[in-house]
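Have a look at the structure below before the remarks.
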Amino acid sequence: MKILITGGVGFIGSNLALTLQRDNDITVVDNLLGGNTENLTGFRGNLVIDDITSMNLFQFKDMDVVFHQASITDTTFSDGKKMVEVNLGGFKKVLDFVLKERAILVYASSAGVYGNGPCPMREDQKLSPQNAYARSKSLMDEEAMRHKDEIKIVGLRYFNVYGPRERYKKKAASMIYQLAQQMKANKNPRIFKYGEQSRDFIYVKDVVDATIRAVKAKESGIVNVGTGVAITFNRIIEILNEVLGTSFKPEYFDNPYSFYQNETRADTRRVKELLGFEARYSIEEGIRDYRSTIKSGK
Ligand SMILES: NC(=O)c1ccc[n+]([C@@H]2O[C@H](COP(=O)([O-])OP(=O)(O)OC[C@H]3O[C@@H](n4cnc5c(N)ncnc54)[C@H](O)[C@@H]3O)[C@@H](O)[C@H]2O)c1
C-alpha cells in the first residue's frame with residue numbers, strides 16, 4: 001500500500017512508520033516541531049520536512065491510506081488560536097486531500113476530550129474537554145464525523161501512551177518516562193499527593209497495532225484506544241523499582257492545577273467490535289519491554 005504518515009517523526013508516528021515499512025511504500029511528513037529525525041533511524045521510506053498547515057499535500061499521488069498524527073501535543077500549551085490553527089486547520093487540509101483522493105483516513109484523537117467525565121469513558125458519553133488541546137481534538141472528531149459516509153474515517157482516542165521514542169516529547173512525554181528519568185538520576189520520583197491518581201496507560205506497540213487495524217475497520221467511527229485498566233502513579237513507581245532494581249520512595253507534593261484528570265480509563269467494547277483490538281501488554285509487561293530503552297536513555 002502507499003501510505004502517508006503526517007507527524008511521522010514523532011513518538012507514535014515513528015513507531016508506526018518503522019513497523020509498516022517492511023510491506024508498504026511510506027512517506028512521512030513532519031515539520032520537526034516536536035519530533036526528532038533520530039526517531040526514524042533505520043527508516044527507508046520518503047521523508048518530507050514540511051508543515052501540513054501550509055504545504056501542498058496534493059503533491060502526493062495515489063495514497064491508499066493516510067495516518068494523521070501531526071499535532072501540537074503539549075497539553076499545557078494555552079494559545080487556543082494557534083492550537084486550533086494547527087490541529088483543526090491541519091486536519092482540514094488532510095481531510096480535503098483524502099476526500100479528493102478517496103483514501104482511507106486514520107487520525108489521532110485523544111482521551112483528553114473526556115476531561116473529568118465518568119469512567120469507564122465511553123465514546124458516546126458527553127465530552128468535557130478542559131484545555132485548548134482537548135478542545136482541538138473534539139473539534140477534529142466533529143469535523144471527521146461530518147464526512148463519515150463519504151470515505152472511511154477512523155478516529156482513535158488514544159489514552160496515555162508510553163514506550164520507545166517518546167523522549168523528544170520532553171515534558172509532554174508520559175509519566176512513566178518522567179518518573180523513570182528521575183529515578184535514573186538517583187532522585188526520589190515526585191508525584192502529586194498522594195499518588196492515587198490513575199491513568200489508562202497503553203504501550204506504544206499496542207497503539208501501533210490498533211492504528212494499523214483501523215485501516216480494516218468495518219465502517220467509519222471513533223474509538224477509544226486504551227487497555228481498560230487504570231494504574232495509579234504509586235503502582236507505576238513500584239513497577240519501575242522492580243524493573244530497574246531500585247527502591248525509591250515517592251515524594252509527594254501539592255497539585256498546582258485547578259483542572260486535573262484524577263482517573264482515565266477506557267471502555268474498550270467499541271474498539272473491540274470495530275477493530276477487533278485488545279491490548280496485549282499489561283502495564284508490567286509493557287514497562288518490562290520498555291526497560292532497555294529506559295536504561296539507555298533513548
Ligand atoms: N502520546 C500520547 O499519549 C497521546 C495521547 C493522546 C493522543 N495523542 C495524539 O497522537 C498523535 C501523536 O502524538 P505523539 O505522542 O507521537 O506526539 P509527538 O509530539 O511526538 O508527535 C507529533 C508530531 O507532529 C509533528 N507536527 C506538529 N505540527 C506539525 C505540522 N504543522 N506539520 C507537520 N508536522 C507537525 C511534530 O513535529 C511531531 O513529530 C498526536 O496527534 C497526539 O495528539 C497522543
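Following the order of the C-alpha cells, chains are lettered A, B, ..., residues in each are numbered from 1, and ligands are numbered from 1.
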
- [ ] Extract, using only C-alpha atoms, all DNA, RNA and protein residues at most 9 Å from segment 228-237 of chain A, discarding same-chain residues fewer than 4 positions from it, and format them as an NGL selection string.
- [x] :A and (120 or 175-176 or 179-180 or 189 or 191-192 or 194-201 or 241-242 or 248-250 or 263-268 or 279 or 282-284)

With N, CA and C atoms retained, export the selected residues as a compact mmCIF listing (two decimals), in the first residue's frame.
# COMPACT_ATOMS: atom_id res chain seq x y z
N PRO A 120 -15.82 3.88 33.31
CA PRO A 120 -15.01 3.89 32.10
C PRO A 120 -15.56 4.85 31.06
N MET A 175 4.13 10.00 32.02
CA MET A 175 4.55 9.98 33.43
C MET A 175 5.54 8.84 33.67
N ILE A 176 5.36 7.74 32.94
CA ILE A 176 6.27 6.60 33.11
C ILE A 176 7.69 7.02 32.74
N LEU A 179 9.00 9.71 35.42
CA LEU A 179 9.38 9.12 36.71
C LEU A 179 10.65 8.29 36.58
N ALA A 180 10.75 7.55 35.47
CA ALA A 180 11.96 6.73 35.25
C ALA A 180 13.20 7.62 35.16
N PRO A 189 11.19 9.76 42.93
CA PRO A 189 10.23 10.25 41.94
C PRO A 189 9.17 11.14 42.58
N ILE A 191 5.56 12.98 42.70
CA ILE A 191 4.19 12.90 42.18
C ILE A 191 3.25 13.71 43.08
N PHE A 192 2.08 14.06 42.53
CA PHE A 192 1.12 14.83 43.32
C PHE A 192 0.60 13.98 44.48
N TYR A 194 -1.72 12.03 46.76
CA TYR A 194 -0.85 11.06 47.37
C TYR A 194 -0.66 9.88 46.43
N GLY A 195 -0.50 10.23 45.17
CA GLY A 195 -0.15 9.21 44.18
C GLY A 195 -1.26 8.26 43.79
N GLU A 196 -2.50 8.56 44.21
CA GLU A 196 -3.59 7.63 43.91
C GLU A 196 -4.32 7.98 42.61
N GLN A 197 -3.89 9.08 41.95
CA GLN A 197 -4.47 9.38 40.64
C GLN A 197 -4.09 8.25 39.69
N SER A 198 -4.97 7.94 38.75
CA SER A 198 -4.67 6.79 37.90
C SER A 198 -4.92 7.10 36.42
N ARG A 199 -4.24 6.34 35.60
CA ARG A 199 -4.30 6.53 34.15
C ARG A 199 -4.42 5.18 33.47
N ASP A 200 -5.10 5.21 32.34
CA ASP A 200 -5.12 4.03 31.47
C ASP A 200 -3.89 4.15 30.56
N PHE A 201 -2.78 3.56 31.02
CA PHE A 201 -1.53 3.61 30.25
C PHE A 201 -1.53 2.49 29.22
N ASN A 241 10.56 0.45 40.13
CA ASN A 241 11.56 -0.05 41.08
C ASN A 241 11.89 -1.51 40.80
N GLU A 242 10.86 -2.32 40.54
CA GLU A 242 11.09 -3.74 40.25
C GLU A 242 11.95 -3.90 39.00
N PHE A 248 13.32 3.35 45.30
CA PHE A 248 12.98 4.75 45.59
C PHE A 248 11.57 4.87 46.16
N LYS A 249 11.42 5.86 47.04
CA LYS A 249 10.10 6.15 47.62
C LYS A 249 9.52 7.36 46.91
N PRO A 250 8.20 7.38 46.71
CA PRO A 250 7.62 8.58 46.08
C PRO A 250 7.75 9.81 46.98
N GLU A 263 -8.70 10.35 37.07
CA GLU A 263 -8.68 8.98 36.55
C GLU A 263 -8.99 9.02 35.07
N THR A 264 -8.31 8.19 34.31
CA THR A 264 -8.75 7.94 32.93
C THR A 264 -8.82 6.42 32.78
N ARG A 265 -9.85 5.96 32.15
CA ARG A 265 -9.98 4.51 31.91
C ARG A 265 -10.94 4.32 30.75
N ALA A 266 -10.47 3.60 29.76
CA ALA A 266 -11.27 3.42 28.54
C ALA A 266 -12.31 2.33 28.69
N ASP A 267 -13.47 2.59 28.15
CA ASP A 267 -14.40 1.49 27.86
C ASP A 267 -13.90 0.91 26.54
N THR A 268 -13.59 -0.36 26.50
CA THR A 268 -12.91 -0.92 25.33
C THR A 268 -13.84 -1.75 24.43
N ALA A 279 -5.70 -4.73 23.90
CA ALA A 279 -4.29 -4.53 24.25
C ALA A 279 -3.68 -5.86 24.70
N SER A 282 0.13 -5.96 29.43
CA SER A 282 -0.26 -5.42 30.73
C SER A 282 0.76 -4.33 31.05
N ILE A 283 0.49 -3.55 32.10
CA ILE A 283 1.44 -2.48 32.45
C ILE A 283 2.81 -3.08 32.83
N GLU A 284 2.79 -4.20 33.53
CA GLU A 284 4.06 -4.82 33.92
C GLU A 284 4.83 -5.28 32.68

Margin query: Give me, as a PyMOL selection string, all polymer residues having an atom no more than 7 Å from segment 5-16 of chain A, counting only C-alpha atoms and skipping those fewer than 5 positions away in the same chain.
Written below: chain A and resi 27-30+34-37+39-40+66-70+165-166+204+208

>> Can you pull out every residue from segment 76-236 of chain A that DSSP, working from the backbone, puts in strand (DSSP E), and format the result as a ChimeraX atom specification?
In response: /A:104-110,153-158,160-162,190-192,198-199,201-203,221-225,231-232

For Met145 of chain A, list every protein, DNA or RNA residue within 12 Å, evaluated using only C-alpha atoms, and leave out those in the same chain fewer than 6 positions away; present the list as a ChimeraX atom specification. /A:95,105,107,138-139,151-155,219-222

Could you give me, as a ChimeraX atom specification, the residues within 10 Å of segment 83-90 of chain A, counting only C-alpha atoms and dropping anything in the same chain fewer than 2 positions from it? /A:6,51-55,68-75,77-81,92-95,132-141,143
